[in-house]
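Engineer: So here's protein_11.pdb (PDB, C-alpha atoms).
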```pdb
ATOM      1  CA  MET A   1     109.040 106.404 122.966
ATOM      2  CA  LYS A   2     108.790 103.470 125.370
ATOM      3  CA  TYR A   3     109.479  99.962 124.143
ATOM      4  CA  ARG A   4     109.090  96.413 125.402
ATOM      5  CA  SER A   5     110.504  93.132 124.148
ATOM      6  CA  ILE A   6     109.061  90.184 122.285
ATOM      7  CA  GLY A   7     112.029  87.867 122.151
ATOM      8  CA  ALA A   8     114.912  89.910 120.767
ATOM      9  CA  VAL A   9     112.575  92.386 119.058
ATOM     10  CA  GLU A  10     111.696  95.683 120.713
ATOM     11  CA  VAL A  11     108.225  97.086 120.008
ATOM     12  CA  TYR A  12     106.304 100.128 121.174
ATOM     13  CA  GLU A  13     104.537  99.166 124.376
ATOM     14  CA  ILE A  14     101.057  99.590 122.895
ATOM     15  CA  GLY A  15     100.215  97.506 119.830
ATOM     16  CA  LEU A  16      97.343  97.561 117.344
ATOM     17  CA  GLY A  17      94.744  94.798 117.206
ATOM     18  CA  ALA A  18      93.558  94.833 113.603
ATOM     19  CA  MET A  19      90.611  92.409 113.886
ATOM     20  CA  PRO A  20      87.826  95.078 113.890
ATOM     21  CA  MET A  21      88.871  96.120 110.376
ATOM     22  CA  SER A  22      87.917  92.746 108.873
ATOM     23  CA  ILE A  23      85.214  90.879 110.785
ATOM     24  CA  GLU A  24      81.478  91.545 110.867
ATOM     25  CA  GLY A  25      80.745  95.253 111.339
ATOM     26  CA  ARG A  26      83.992  96.299 109.685
ATOM     27  CA  PRO A  27      84.266  99.695 107.934
ATOM     28  CA  ASP A  28      82.574  99.828 104.538
ATOM     29  CA  ASP A  29      85.361 102.040 103.245
ATOM     30  CA  GLU A  30      88.746 100.315 103.254
ATOM     31  CA  SER A  31      90.464 103.699 103.158
ATOM     32  CA  ARG A  32      89.391 104.254 106.783
ATOM     33  CA  SER A  33      91.133 101.044 107.821
ATOM     34  CA  ILE A  34      94.269 101.999 105.901
ATOM     35  CA  ALA A  35      94.184 105.411 107.592
ATOM     36  CA  THR A  36      93.844 103.682 110.983
ATOM     37  CA  ILE A  37      96.952 101.570 110.389
ATOM     38  CA  HIS A  38      98.889 104.624 109.225
ATOM     39  CA  ALA A  39      97.708 106.600 112.263
ATOM     40  CA  ALA A  40      98.999 103.803 114.486
ATOM     41  CA  LEU A  41     102.419 103.992 112.851
ATOM     42  CA  ASP A  42     102.423 107.786 113.146
ATOM     43  CA  ALA A  43     101.673 107.409 116.887
ATOM     44  CA  GLY A  44     104.691 105.141 117.335
ATOM     45  CA  VAL A  45     103.044 101.714 117.174
ATOM     46  CA  THR A  46     105.353  99.012 115.821
ATOM     47  CA  LEU A  47     103.339  95.844 116.601
ATOM     48  CA  ILE A  48     100.271  94.929 114.545
ATOM     49  CA  ASP A  49      98.335  91.801 115.485
ATOM     50  CA  THR A  50      96.254  89.925 112.920
ATOM     51  CA  ALA A  51      95.118  86.381 112.061
ATOM     52  CA  ASP A  52      94.160  84.454 108.965
ATOM     53  CA  ALA A  53      90.661  84.006 110.448
ATOM     54  CA  TYR A  54      89.912  87.735 110.624
ATOM     55  CA  SER A  55      87.419  87.974 107.783
ATOM     56  CA  LEU A  56      83.696  87.667 107.126
ATOM     57  CA  GLY A  57      84.099  83.914 106.831
ATOM     58  CA  ASP A  58      83.332  83.583 103.129
ATOM     59  CA  ALA A  59      85.819  81.771 100.901
ATOM     60  CA  ASP A  60      86.481  84.848  98.788
ATOM     61  CA  ASP A  61      87.197  86.904 101.914
ATOM     62  CA  ALA A  62      89.743  84.520 103.450
ATOM     63  CA  GLY A  63      92.721  86.236 105.041
ATOM     64  CA  HIS A  64      91.169  89.691 104.546
ATOM     65  CA  ASN A  65      92.947  91.243 107.514
ATOM     66  CA  GLU A  66      96.403  89.981 106.557
ATOM     67  CA  SER A  67      95.968  91.250 102.994
ATOM     68  CA  LEU A  68      94.712  94.599 104.285
ATOM     69  CA  ILE A  69      97.776  95.028 106.498
ATOM     70  CA  ALA A  70     100.093  94.125 103.624
ATOM     71  CA  ARG A  71      98.473  96.807 101.463
ATOM     72  CA  ALA A  72      98.658  99.383 104.259
ATOM     73  CA  LEU A  73     102.349  98.734 104.902
ATOM     74  CA  ALA A  74     103.408  98.592 101.254
ATOM     75  CA  GLY A  75     105.555 101.600 100.511
ATOM     76  CA  HIS A  76     105.152 103.095 103.998
ATOM     77  CA  PRO A  77     108.442 104.599 105.243
ATOM     78  CA  ARG A  78     108.180 102.773 108.602
ATOM     79  CA  ARG A  79     107.303  99.387 107.125
ATOM     80  CA  ASP A  80     110.572  97.758 108.155
ATOM     81  CA  GLU A  81     110.093  98.862 111.789
ATOM     82  CA  VAL A  82     106.810  96.963 112.164
ATOM     83  CA  LEU A  83     106.466  93.495 113.660
ATOM     84  CA  VAL A  84     103.399  91.832 112.156
ATOM     85  CA  ALA A  85     102.080  89.043 114.372
ATOM     86  CA  THR A  86      99.574  86.642 112.871
ATOM     87  CA  LYS A  87      97.852  83.460 113.974
ATOM     88  CA  GLY A  88      96.665  80.128 112.601
ATOM     89  CA  GLY A  89      94.430  77.361 113.899
ATOM     90  CA  HIS A  90      91.119  79.229 114.052
ATOM     91  CA  THR A  91      88.945  78.816 110.971
ATOM     92  CA  ARG A  92      85.956  80.533 109.344
ATOM     93  CA  PRO A  93      83.984  77.710 107.708
ATOM     94  CA  GLY A  94      81.277  80.072 106.443
ATOM     95  CA  GLY A  95      77.957  81.472 107.573
ATOM     96  CA  GLY A  96      79.603  83.590 110.236
ATOM     97  CA  GLU A  97      80.788  80.492 112.087
ATOM     98  CA  TRP A  98      84.183  79.945 113.755
ATOM     99  CA  GLY A  99      85.946  76.604 113.860
ATOM    100  CA  LEU A 100      89.187  75.008 115.011
ATOM    101  CA  ASN A 101      91.913  73.058 113.244
ATOM    102  CA  GLY A 102      95.128  72.480 115.143
ATOM    103  CA  SER A 103      96.465  69.659 113.002
ATOM    104  CA  PRO A 104     100.107  70.044 111.960
ATOM    105  CA  ALA A 105      99.190  69.674 108.273
ATOM    106  CA  TYR A 106      96.616  72.446 108.513
ATOM    107  CA  LEU A 107      98.911  74.779 110.454
ATOM    108  CA  ARG A 108     101.593  74.328 107.809
ATOM    109  CA  ARG A 109      99.128  75.179 105.028
ATOM    110  CA  ALA A 110      97.818  78.132 107.008
ATOM    111  CA  CYS A 111     101.330  79.472 107.590
ATOM    112  CA  GLU A 112     102.188  79.189 103.891
ATOM    113  CA  ALA A 113      99.001  81.079 102.984
ATOM    114  CA  SER A 114      99.774  83.796 105.542
ATOM    115  CA  LEU A 115     103.280  84.167 104.115
ATOM    116  CA  ARG A 116     101.809  84.768 100.667
ATOM    117  CA  ARG A 117      99.197  87.260 101.845
ATOM    118  CA  LEU A 118     101.666  89.228 103.951
ATOM    119  CA  GLY A 119     104.252  89.148 101.164
ATOM    120  CA  VAL A 120     107.125  88.143 103.442
ATOM    121  CA  GLU A 121     109.738  85.395 103.453
ATOM    122  CA  ALA A 122     109.273  84.727 107.180
ATOM    123  CA  ILE A 123     106.498  85.717 109.590
ATOM    124  CA  GLY A 124     107.760  87.865 112.462
ATOM    125  CA  LEU A 125     105.569  86.257 115.144
ATOM    126  CA  TYR A 126     103.336  83.277 114.386
ATOM    127  CA  GLN A 127     100.873  82.200 117.071
ATOM    128  CA  PHE A 128      98.758  79.081 117.504
ATOM    129  CA  HIS A 129      95.370  80.767 117.726
ATOM    130  CA  ARG A 130      93.334  78.464 119.964
ATOM    131  CA  PRO A 131      93.672  74.891 121.275
ATOM    132  CA  ASP A 132      91.807  72.279 119.236
ATOM    133  CA  PRO A 133      90.338  69.577 121.523
ATOM    134  CA  SER A 134      90.492  67.044 118.680
ATOM    135  CA  VAL A 135      94.271  67.379 118.288
ATOM    136  CA  PRO A 136      96.850  66.769 121.037
ATOM    137  CA  TYR A 137      98.258  70.131 122.049
ATOM    138  CA  ALA A 138     101.809  68.812 121.741
ATOM    139  CA  GLU A 139     101.224  68.024 118.058
ATOM    140  CA  SER A 140     100.017  71.549 117.303
ATOM    141  CA  ILE A 141     102.975  73.098 119.098
ATOM    142  CA  GLY A 142     105.293  70.645 117.376
ATOM    143  CA  ALA A 143     104.148  72.145 114.075
ATOM    144  CA  LEU A 144     105.223  75.593 115.322
ATOM    145  CA  ALA A 145     108.618  74.156 116.270
ATOM    146  CA  ASP A 146     109.032  72.759 112.760
ATOM    147  CA  LEU A 147     108.079  76.081 111.154
ATOM    148  CA  LEU A 148     110.556  77.826 113.449
ATOM    149  CA  ASP A 149     113.351  75.392 112.586
ATOM    150  CA  GLU A 150     112.641  75.791 108.867
ATOM    151  CA  GLY A 151     112.791  79.592 109.047
ATOM    152  CA  LYS A 152     109.164  80.051 107.973
ATOM    153  CA  ILE A 153     108.556  82.000 111.173
ATOM    154  CA  ARG A 154     111.001  84.060 113.228
ATOM    155  CA  MET A 155     109.212  83.743 116.576
ATOM    156  CA  ALA A 156     106.522  81.444 117.948
ATOM    157  CA  GLY A 157     103.631  82.286 120.247
ATOM    158  CA  ILE A 158     100.369  80.848 121.532
ATOM    159  CA  SER A 159      96.954  82.314 122.265
ATOM    160  CA  ASN A 160      94.095  81.423 124.594
ATOM    161  CA  ALA A 161      96.344  79.176 126.670
ATOM    162  CA  ASP A 162      96.330  78.155 130.329
ATOM    163  CA  PRO A 163      99.451  77.920 132.527
ATOM    164  CA  GLU A 164      99.948  74.203 131.845
ATOM    165  CA  GLN A 165      99.796  74.815 128.093
ATOM    166  CA  ILE A 166     102.241  77.709 128.372
ATOM    167  CA  GLU A 167     104.767  75.521 130.151
ATOM    168  CA  GLN A 168     104.182  72.629 127.746
ATOM    169  CA  ALA A 169     104.573  74.852 124.694
ATOM    170  CA  ASN A 170     107.747  76.428 126.020
ATOM    171  CA  ALA A 171     109.216  72.975 126.688
ATOM    172  CA  ILE A 172     108.331  71.638 123.227
ATOM    173  CA  LEU A 173     109.777  74.772 121.625
ATOM    174  CA  GLY A 174     112.972  74.387 123.627
ATOM    175  CA  GLY A 175     112.512  77.634 125.548
ATOM    176  CA  ARG A 176     111.613  79.525 122.381
ATOM    177  CA  LEU A 177     108.050  80.533 123.294
ATOM    178  CA  MET A 178     108.119  84.300 122.887
ATOM    179  CA  ALA A 179     104.522  85.446 123.392
ATOM    180  CA  VAL A 180     101.209  84.492 124.964
ATOM    181  CA  GLN A 181      98.070  86.274 123.782
ATOM    182  CA  ASN A 182      95.114  85.907 126.162
ATOM    183  CA  GLN A 183      91.995  87.884 126.871
ATOM    184  CA  PHE A 184      92.522  90.335 129.728
ATOM    185  CA  SER A 185      90.600  93.465 130.732
ATOM    186  CA  PRO A 186      88.928  95.034 133.793
ATOM    187  CA  ALA A 187      85.939  92.791 133.032
ATOM    188  CA  PHE A 188      88.019  89.673 132.353
ATOM    189  CA  ARG A 189      90.803  89.138 134.860
ATOM    190  CA  SER A 190      90.929  85.352 134.946
ATOM    191  CA  SER A 191      94.141  85.374 132.894
ATOM    192  CA  GLU A 192      96.166  86.771 135.801
ATOM    193  CA  PRO A 193      97.773  83.345 136.505
ATOM    194  CA  GLU A 194      98.985  83.269 132.889
ATOM    195  CA  LEU A 195     100.274  86.829 133.213
ATOM    196  CA  ASP A 196     102.153  85.914 136.386
ATOM    197  CA  LEU A 197     103.726  82.889 134.694
ATOM    198  CA  CYS A 198     104.756  84.938 131.662
ATOM    199  CA  THR A 199     106.363  87.484 133.984
ATOM    200  CA  GLU A 200     108.283  84.702 135.716
ATOM    201  CA  LEU A 201     109.455  83.214 132.410
ATOM    202  CA  GLY A 202     110.127  86.524 130.653
ATOM    203  CA  ILE A 203     107.564  85.801 127.916
ATOM    204  CA  ALA A 204     105.635  88.697 126.372
ATOM    205  CA  PHE A 205     101.967  88.783 127.429
ATOM    206  CA  LEU A 206      99.653  90.364 124.831
ATOM    207  CA  PRO A 207      96.183  91.114 126.255
ATOM    208  CA  TRP A 208      93.489  90.921 123.598
ATOM    209  CA  SER A 209      90.283  92.935 124.016
ATOM    210  CA  PRO A 210      92.041  94.943 126.757
ATOM    211  CA  LEU A 211      89.278  97.570 126.695
ATOM    212  CA  GLY A 212      86.441  95.064 126.886
ATOM    213  CA  GLY A 213      85.884  94.166 123.247
ATOM    214  CA  ILE A 214      84.591  95.890 120.131
ATOM    215  CA  ALA A 215      81.047  96.379 121.385
ATOM    216  CA  ARG A 216      81.890  97.572 124.902
ATOM    217  CA  ALA A 217      85.202  99.461 124.730
ATOM    218  CA  GLY A 218      83.381 102.786 124.612
ATOM    219  CA  GLU A 219      81.492 101.913 127.819
ATOM    220  CA  LEU A 220      84.593 101.231 129.903
ATOM    221  CA  GLY A 221      84.264 104.415 131.957
ATOM    222  CA  SER A 222      80.568 103.902 132.676
ATOM    223  CA  ARG A 223      81.109 100.261 133.654
ATOM    224  CA  PHE A 224      84.114 100.830 135.907
ATOM    225  CA  ALA A 225      83.855 104.016 137.961
ATOM    226  CA  PRO A 226      87.496 104.163 139.213
ATOM    227  CA  PHE A 227      88.779 104.269 135.638
ATOM    228  CA  ALA A 228      86.410 107.143 134.820
ATOM    229  CA  ARG A 229      87.286 109.037 138.007
ATOM    230  CA  ILE A 230      91.040 108.836 137.465
ATOM    231  CA  ALA A 231      90.564 109.708 133.785
ATOM    232  CA  ARG A 232      88.755 112.917 134.783
ATOM    233  CA  ASP A 233      91.482 113.786 137.276
ATOM    234  CA  ARG A 234      94.192 113.219 134.682
ATOM    235  CA  GLY A 235      92.369 114.792 131.739
ATOM    236  CA  VAL A 236      92.597 111.641 129.631
ATOM    237  CA  SER A 237      90.196 108.930 128.465
ATOM    238  CA  PRO A 238      89.221 105.947 130.652
ATOM    239  CA  GLN A 239      90.667 103.774 127.889
ATOM    240  CA  GLN A 240      94.100 105.368 128.363
ATOM    241  CA  VAL A 241      93.876 104.770 132.100
ATOM    242  CA  CYS A 242      93.015 101.129 131.470
ATOM    243  CA  LEU A 243      96.005 100.555 129.193
ATOM    244  CA  ALA A 244      98.345 102.363 131.583
ATOM    245  CA  TRP A 245      97.036 100.161 134.419
ATOM    246  CA  MET A 246      97.889  97.074 132.368
ATOM    247  CA  LEU A 247     101.372  98.337 131.519
ATOM    248  CA  ALA A 248     102.044  98.841 135.224
ATOM    249  CA  LYS A 249     101.188  95.225 136.025
ATOM    250  CA  SER A 250     104.325  93.756 134.471
ATOM    251  CA  PRO A 251     107.129  94.719 132.084
ATOM    252  CA  VAL A 252     106.093  91.826 129.821
ATOM    253  CA  VAL A 253     102.617  93.267 129.121
ATOM    254  CA  ILE A 254     102.015  94.711 125.638
ATOM    255  CA  PRO A 255      98.293  95.449 125.153
ATOM    256  CA  ILE A 256      96.865  95.197 121.637
ATOM    257  CA  PRO A 257      93.666  97.305 121.667
ATOM    258  CA  GLY A 258      91.522  96.837 118.599
ATOM    259  CA  ALA A 259      90.712  99.803 116.398
ATOM    260  CA  SER A 260      89.104 100.663 113.092
ATOM    261  CA  ARG A 261      89.263 104.472 113.381
ATOM    262  CA  PRO A 262      92.420 106.621 113.415
ATOM    263  CA  GLU A 263      91.348 108.615 116.482
ATOM    264  CA  THR A 264      90.826 105.444 118.520
ATOM    265  CA  ILE A 265      94.310 104.009 118.062
ATOM    266  CA  THR A 266      95.869 107.458 118.445
ATOM    267  CA  ASP A 267      94.214 107.779 121.860
ATOM    268  CA  SER A 268      95.235 104.253 122.875
ATOM    269  CA  ALA A 269      98.853 104.752 121.823
ATOM    270  CA  ALA A 270      99.071 107.835 124.052
ATOM    271  CA  ALA A 271      98.629 105.590 127.108
ATOM    272  CA  SER A 272     102.346 104.880 126.872
ATOM    273  CA  GLY A 273     102.999 108.335 128.291
ATOM    274  CA  LEU A 274     100.653 107.931 131.265
ATOM    275  CA  ARG A 275     102.249 106.719 134.479
ATOM    276  CA  LEU A 276      99.830 106.050 137.316
ATOM    277  CA  THR A 277     100.643 106.508 141.019
ATOM    278  CA  GLU A 278     100.653 103.609 143.464
ATOM    279  CA  ASP A 279      97.449 104.973 144.999
ATOM    280  CA  GLU A 280      95.737 105.139 141.603
ATOM    281  CA  LEU A 281      96.836 101.599 140.772
ATOM    282  CA  ALA A 282      95.476 100.365 144.103
ATOM    283  CA  GLN A 283      92.106 101.967 143.331
ATOM    284  CA  LEU A 284      91.996 100.309 139.910
ATOM    285  CA  ASP A 285      92.986  96.913 141.241
TER
END
```
Can you give me the file's structure in the form of structure tokens?
Structural biologist:
Amino acid sequence: MKYRSIGAVEVYEIGLGAMPMSIEGRPDDESRSIATIHAALDAGVTLIDTADAYSLGDADDAGHNESLIARALAGHPRRDEVLVATKGGHTRPGGGEWGLNGSPAYLRRACEASLRRLGVEAIGLYQFHRPDPSVPYAESIGALADLLDEGKIRMAGISNADPEQIEQANAILGGRLMAVQNQFSPAFRSSEPELDLCTELGIAFLPWSPLGGIARAGELGSRFAPFARIARDRGVSPQQVCLAWMLAKSPVVIPIPGASRPETITDSAAASGLRLTEDELAQLD
């Protein structure tokens, strides 16, 4: 098993992005989602990423993903080994819409609700989901600092941030910014400056949609020929090659591929055992 660090916590170097189990298009049968989470744990995964906004957006479905994860982990023998990372600041106002609320009062309420749904006394990693243009960024991050000081959360992170925001957040948190979660994939490489900064600062970088997103992950090999070619040579999937390529970029990278089927996360988790040559990495870059 190969592990990487988020703060003082070591996690398996491939995580599980749980969003596909709760938003539009999610499995009709919850048992498949539960089986997916259990398959991830069986494959060695110890980081599960969620958010209070991962739901269908209706009031009675609020926090669906967090509640699902709590049910899946309840009574599981590896429950105590798992770091559950959740997020607040993105909202689902209804009708399939997404909104933003980065006010300190809202983030406090959101954190309290996440604590209840997850059934924990403190959230392992709590991340500000997305900057809210109507609220000064410093105020939103200040709310994370307060939650950290009060012991409501054990580690603080941010998502969808640029380099300036990363540095600002780390300063406000007094050097306690432990993770940055940004989109990064072969099709979306504009977060490389953020990755470089996280490497310099020793902050975990969690690529979301590392395989191209829910709708296009299966097309990765057909969209990017080098990944398909190396996958054929190695006898693995293009998705494994993609995750191994990301792991090779920096020791702070911990991809969180989304999954809603056991076989998908099992394949992704196996990327930890794939080490690419310098020539292969050059082809992929």
Engineer: I'd like the contact shell of Thr46 (chain A) - 10 Å cut-off, all atoms listed in the file, skipping same-chain residues fewer than 5 positions apart - returned as a PyMOL selection string.
Structural biologist: chain A and resi 3+10-16+40-41+78-84
Engineer: Please measure the separation of CA of Ala72 (chain A) and CA of Ile254 (chain A), giving the value in Å to one decimal.
Structural biologist: 22.1 Å
Engineer: Decode the PyMOL selection byres ((chain A and resi 88) around 7) for the given file into explicit residues and return them as JSON, numbers by chain.
Structural biologist: {"A": [51, 52, 87, 89, 90, 107, 110, 111, 127, 128, 129]}
Engineer: Selection from above, C-alpha atoms, as a PDB file, in the frame of the given file, can you write it?
Structural biologist:
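Saved the output as selection.pdb:
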```pdb
ATOM      1  CA  ALA A  51      95.118  86.381 112.061  1.00  0.00           C
ATOM      2  CA  ASP A  52      94.160  84.454 108.965  1.00  0.00           C
ATOM      3  CA  LYS A  87      97.852  83.460 113.974  1.00  0.00           C
ATOM      4  CA  GLY A  89      94.430  77.361 113.899  1.00  0.00           C
ATOM      5  CA  HIS A  90      91.119  79.229 114.052  1.00  0.00           C
ATOM      6  CA  LEU A 107      98.911  74.779 110.454  1.00  0.00           C
ATOM      7  CA  ALA A 110      97.818  78.132 107.008  1.00  0.00           C
ATOM      8  CA  CYS A 111     101.330  79.472 107.590  1.00  0.00           C
ATOM      9  CA  GLN A 127     100.873  82.200 117.071  1.00  0.00           C
ATOM     10  CA  PHE A 128      98.758  79.081 117.504  1.00  0.00           C
ATOM     11  CA  HIS A 129      95.370  80.767 117.726  1.00  0.00           C
TER      12      HIS A 129
END
```
Engineer: Can you give me, as a list in words, the residues this file yields under the PyMOL selection byres ((chain A and resi 53) around 10)?
Structural biologist: Met19, Ser22, Ile23, Thr50, Ala51, Asp52, Tyr54, Ser55, Leu56, Gly57, Asp61, Ala62, Gly63, His64, Asn65, Glu66, Thr86, Lys87, Gly88, Gly89, His90, Thr91, Arg92, Pro93, Trp98, Gly99, Ala110 and His129 of chain A
Engineer: Translate the PyMOL selection byres ((chain A and resi 139-144) around 9), as applied to the file shown, into an explicit residue set as a PyMOL selection string.
Structural biologist: chain A and resi 89+102-105+107-108+126-128+131-132+135-138+145-149+153+156-158+168-169+172-173
Engineer: Which of these, A:Leu201, A:Leu73, A:Met21, A:Arg216, has the shortest distance to Ser33 (chain A) once you count all atoms listed in the file?
Structural biologist: A:Met21
Engineer: With the input short on atoms, add N, CA, C and O atoms back to region 228-247 of chain A and write it as a short mmCIF file (atom, residue, chain, number, x, y, z; two decimals), in the coordinates of the input.
Structural biologist:
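Saved as rebuild-v2.cif:
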```cif
data_model
loop_
_atom_site.label_atom_id
_atom_site.label_comp_id
_atom_site.auth_asym_id
_atom_site.auth_seq_id
_atom_site.Cartn_x
_atom_site.Cartn_y
_atom_site.Cartn_z
N ALA A 228 86.97 105.86 135.24
CA ALA A 228 86.41 107.14 134.82
C ALA A 228 86.87 108.27 135.74
O ALA A 228 87.20 109.37 135.29
N ARG A 229 86.90 108.00 137.04
CA ARG A 229 87.29 109.04 138.01
C ARG A 229 88.74 109.46 137.80
O ARG A 229 89.06 110.67 137.77
N ILE A 230 89.63 108.50 137.66
CA ILE A 230 91.04 108.84 137.46
C ILE A 230 91.24 109.50 136.10
O ILE A 230 92.06 110.41 135.96
N ALA A 231 90.47 109.08 135.11
CA ALA A 231 90.56 109.71 133.78
C ALA A 231 90.19 111.19 133.87
O ALA A 231 90.87 112.04 133.27
N ARG A 232 89.14 111.50 134.62
CA ARG A 232 88.76 112.92 134.78
C ARG A 232 89.85 113.69 135.49
O ARG A 232 90.20 114.81 135.10
N ASP A 233 90.42 113.11 136.52
CA ASP A 233 91.48 113.79 137.28
C ASP A 233 92.71 114.04 136.41
O ASP A 233 93.37 115.07 136.56
N ARG A 234 92.99 113.13 135.52
CA ARG A 234 94.19 113.22 134.68
C ARG A 234 93.95 113.93 133.36
O ARG A 234 94.90 114.25 132.63
N GLY A 235 92.68 114.14 133.01
CA GLY A 235 92.37 114.79 131.74
C GLY A 235 92.63 113.90 130.53
O GLY A 235 93.01 114.38 129.46
N VAL A 236 92.41 112.60 130.72
CA VAL A 236 92.60 111.64 129.63
C VAL A 236 91.36 110.76 129.55
O VAL A 236 90.43 110.90 130.34
N SER A 237 91.34 109.83 128.61
CA SER A 237 90.20 108.93 128.46
C SER A 237 90.30 107.76 129.44
O SER A 237 91.40 107.37 129.85
N PRO A 238 89.17 107.16 129.82
CA PRO A 238 89.22 105.95 130.65
C PRO A 238 90.00 104.82 129.97
O PRO A 238 90.63 103.99 130.64
N GLN A 239 89.95 104.81 128.64
CA GLN A 239 90.67 103.77 127.89
C GLN A 239 92.18 103.92 128.08
O GLN A 239 92.89 102.92 128.23
N GLN A 240 92.67 105.15 128.10
CA GLN A 240 94.10 105.37 128.36
C GLN A 240 94.47 104.90 129.77
O GLN A 240 95.52 104.28 129.97
N VAL A 241 93.62 105.20 130.72
CA VAL A 241 93.88 104.77 132.10
C VAL A 241 93.94 103.25 132.17
O VAL A 241 94.82 102.67 132.82
N CYS A 242 93.04 102.59 131.47
CA CYS A 242 93.02 101.13 131.47
C CYS A 242 94.31 100.55 130.91
O CYS A 242 94.91 99.63 131.51
N LEU A 243 94.77 101.07 129.80
CA LEU A 243 96.00 100.56 129.19
C LEU A 243 97.22 100.85 130.06
O LEU A 243 98.13 100.01 130.19
N ALA A 244 97.23 102.02 130.69
CA ALA A 244 98.34 102.36 131.58
C ALA A 244 98.35 101.45 132.80
O ALA A 244 99.42 101.05 133.30
N TRP A 245 97.16 101.10 133.30
CA TRP A 245 97.04 100.16 134.42
C TRP A 245 97.62 98.80 134.04
O TRP A 245 98.35 98.19 134.82
N MET A 246 97.34 98.35 132.82
CA MET A 246 97.89 97.07 132.37
C MET A 246 99.41 97.13 132.25
O MET A 246 100.11 96.20 132.65
N LEU A 247 99.92 98.21 131.68
CA LEU A 247 101.37 98.34 131.52
C LEU A 247 102.08 98.28 132.87
O LEU A 247 103.20 97.77 132.97
#
```
